[in-house]
Structure formats: C-alpha cells, structure tokens
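Below: one structure, written as structure tokens.
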Amino acid sequence: MTPARAGSSRANGINMRLLLVEDDSALAADLRLKLAEAGYAVDWSASARDADWLLRQEDYQAVILDLGLPDQPGLDLLKSWRHAQQDLPVLILTARGAWFEKVEGLKAGADDYLAKPFHSEELLARLNALIRRHNRAVPGQLVVGELQLDEARQAVLLAGQALALTGHEFRLLRFLMHHPGQLFSKAQLAEQLYDLEQEVDSNTLEVFIARLRQKIGKERIVTRRGQGYCLHV
Ligand code: CA
C-alpha cells in the first residue's frame with residue numbers, strides 16, 4: 001500500500017505533522033479524521049517499510065506506531081529508530097491483552113502506549129501530553145511560527161522581540177502555544193486564567209484575546225464562531 005501523505009500544513013516553520021503507522025485501514029481512517037480535527041496533519045503508512053521511509057523524508061512531531069505490522073514487527077522498527085538516535089516521541093498501539101507488548105515497547109524506547117481498543121479522545125490526550133513533555137524537555141524550544149516561548153524568563157518573543165505581556169496575557173498565550181491549532185471554548189480558556197482571587201468570565205476573556213491580538217497580530221488567533229479560539233499554525 002502506498003503511504004498517504006497529508007497536505008502541507010507547515011507554515012512559518014511550524015510542524016504539527018504526525019506519522020501514523022497502522023495496517024488496519026478502518027482504524028487508520030478513523031484516527032486520521034480525529035487527529036485532523038484536532039489540528040494535526042497526518043501522514044499514514046500501513047507498513048514498517050513505508051513508515052521508515054517517511055520518517056527519513058519528513059519532520060514529524062510524534063509517531064503513533066502499531067506494533068502488529070504485516071512486514072516487520074513494529075517493535076523492531078522502533079528499536080532501529082532509537083538505535084539511530086531518533087528521539088521523536090513515539091506512542092505505541094498494542095494488541096488487546098498483550099501486556100508483554102507494552103513492557104517490550106517501553107523497553108525498546110516507546111514514550112507511551114495504548115492497548116486496543118481505545119477511545120480516540122484518550123489517544124489525543126496522551127499524544128498532546130507526550131508532545132508537550134518533549135517540547136519542555138528542550139528549554140526555549142517551543143516555537144509556533146514567529147512566536148517563541150521562553151519559560152525561564154516567562155516571556156514570549158515575536159520575531160525575536162520580547163512582547164510586553166501582563167501575567168494573564170502570558171498565561172493565555174503560553175497555553176495556546178502549547179496547543180497550537182487546537183480549538184478551545186471561552187470557558188476552557190478562562191479556566192487557564194482562573195486563580196484564587198479572580199474568576200475570569202467570558203467577557204473578560206474576550207478582552208484578553210483582543211489585547212493579545214493587538215500585541216501578536218490579529219490573524220494569529222483564529223475565532224471559530226460559536227466554538228472558540230485557536231492559535232493559528
Ligand atoms: Ca496491526
């Protein structure tokens with residue numbers, strides 16, 4: 001089977017591209033849809049050989065790897081990547097009840113695992129956590145387009161220039177940068193800003209969004225009517 005390539009989603013050097021290695025085409029189709037809805041561009045491969053080839057061609061942010069592949073055990077593929085110093089986050093999919101696959105997978109360098117069957121929501125949550133952890137592991141490396149997050153200095157740089165942000169604006173922007181392309185309702189974003197002294201309502205949140213837009217450029221925060229906001233990728 002020919003590997004399926006997602007359309008280019010890369011803009012301004014951001015990479016929200018995933019490699020999905022799964023020979024069950026129905027499951028793969030379902031996951032591709034869910035991942036695309038969550039803002040990822042997904043390349044799909046149904047064999048170890050194609051997956052290995054794609055990984056050499058493209059920059060991915062993470063890999064979802066089924067261990068039961070037709071041409072080569074996914075575990076061997078993972079071992080070969082780690083042997084070649086490939087340190088991308090890899091989430092493995094293991095067969096139902098095959099607890100040993102999970103153990104072997106983690107030993108071979110998987111960052112996380114999910115046993116089939118699973119809910120796509122859980123896959124998304126784990127994937128996002130994995131990518132976040134990976135980005136945090138390299139301080140100052142979280143870059144979304146021209147925006148760069150400097151956790152140590154609690155600052156965000158736009159095209160190399162530090163932005164003057166209030167505490168709330170910083171927290172909001174940091175949260176969005178950790179989830180680029182992902183849509184959040186006003187309530188979800190307000191929750192990120194909530195602290196002991198102050199509850200943020202949706203009108204206040206709109207004010208924060210408007211001020212952030214003035215500082216980083218209107219087009220960088222996209223409004224989806226009736227749904228919420230997302231950071232443009
Ligand atoms: Ca399989």
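Each chain in the structure tokens gets a letter, A, B, ..., in the order shown, and its residues are numbered from 1; ligands are numbered from 1 in order too.
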Per residue of range 58-151 of chain A within 12 Å of range 212-227 of chain A, what are the shortest atom pair and its distance in Å to one decimal, counting only C-alpha atoms, with rows by chain and residue number, as a tab-separated table?
```
residue	atom	partner	partner_atom	distance
A:Val144	CA	A:Arg220	CA	10.0
A:Gly145	CA	A:Arg220	CA	9.3
A:Glu146	CA	A:Ile216	CA	9.4
A:Leu147	CA	A:Ile216	CA	8.3
A:Gln148	CA	A:Ile216	CA	11.4
```
How would you write, as a list of chain:residue names, the set of residues no farther than 9 Å from ligand 1 when counting only C-alpha atoms and all ligand atoms?
->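 Residues satisfying the distance criterion: A:Val21, A:Glu22, A:Asp23, A:Asp24, A:Ala46, A:Asp66, A:Leu67, A:Gly68, A:Leu69, A:Pro70, A:Gly74, A:Leu93, A:Thr94, A:Ala95.
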With distances taken over only C-alpha atoms, the candidate from A:Tyr60, A:Trp53, A:Trp44, A:Trp81 nearest Leu18 in chain A is A:Tyr60
Quick one: residues within 12 Å of Asp87 in chain A, only C-alpha atoms counted, chain neighbours fewer than 3 positions away excluded, as a ChimeraX atom specification?
-> /A:55,59-63,78-84,90,108-111,131,134-135,137
Those residues you just picked out, can you put them in a file as a PDB file, in the first residue's frame with C-alpha atoms?
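Contents of the output file result00.pdb:
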```
ATOM      1  CA  LEU A  55      10.406   9.173   8.783  1.00  0.00           C
ATOM      2  CA  ASP A  59       9.912  16.180  10.101  1.00  0.00           C
ATOM      3  CA  TYR A  60       7.301  14.832  12.452  1.00  0.00           C
ATOM      4  CA  GLN A  61       6.304  15.970  15.887  1.00  0.00           C
ATOM      5  CA  ALA A  62       5.386  12.460  17.007  1.00  0.00           C
ATOM      6  CA  VAL A  63       4.736   8.930  15.761  1.00  0.00           C
ATOM      7  CA  LEU A  78      11.131   1.288  16.997  1.00  0.00           C
ATOM      8  CA  LYS A  79      14.411  -0.299  18.105  1.00  0.00           C
ATOM      9  CA  SER A  80      16.057   0.630  14.816  1.00  0.00           C
ATOM     10  CA  TRP A  81      14.909   4.260  15.155  1.00  0.00           C
ATOM     11  CA  ARG A  82      16.218   4.540  18.700  1.00  0.00           C
ATOM     12  CA  HIS A  83      19.441   2.867  17.636  1.00  0.00           C
ATOM     13  CA  ALA A  84      19.796   5.609  15.005  1.00  0.00           C
ATOM     14  CA  VAL A  90       6.568   7.504  19.899  1.00  0.00           C
ATOM     15  CA  ALA A 108      12.514  -0.502  23.270  1.00  0.00           C
ATOM     16  CA  GLY A 109      12.064   3.238  23.752  1.00  0.00           C
ATOM     17  CA  ALA A 110       8.342   3.958  23.379  1.00  0.00           C
ATOM     18  CA  ASP A 111       7.253   7.055  25.296  1.00  0.00           C
ATOM     19  CA  ILE A 131       4.418  16.364  22.653  1.00  0.00           C
ATOM     20  CA  HIS A 134       9.008  16.536  24.631  1.00  0.00           C
ATOM     21  CA  ASN A 135       8.899  20.272  23.905  1.00  0.00           C
ATOM     22  CA  ALA A 137      12.484  18.812  27.663  1.00  0.00           C
TER      23      ALA A 137
END
```
Tell me, which residues of range 20-233 of chain A carry DSSP strand (DSSP E), written as a PyMOL selection string?
-> chain A and resi 20-21+41-45+62-66+90-94+112-115+143-144+147-150+155-158+161-162+221-224+228-231
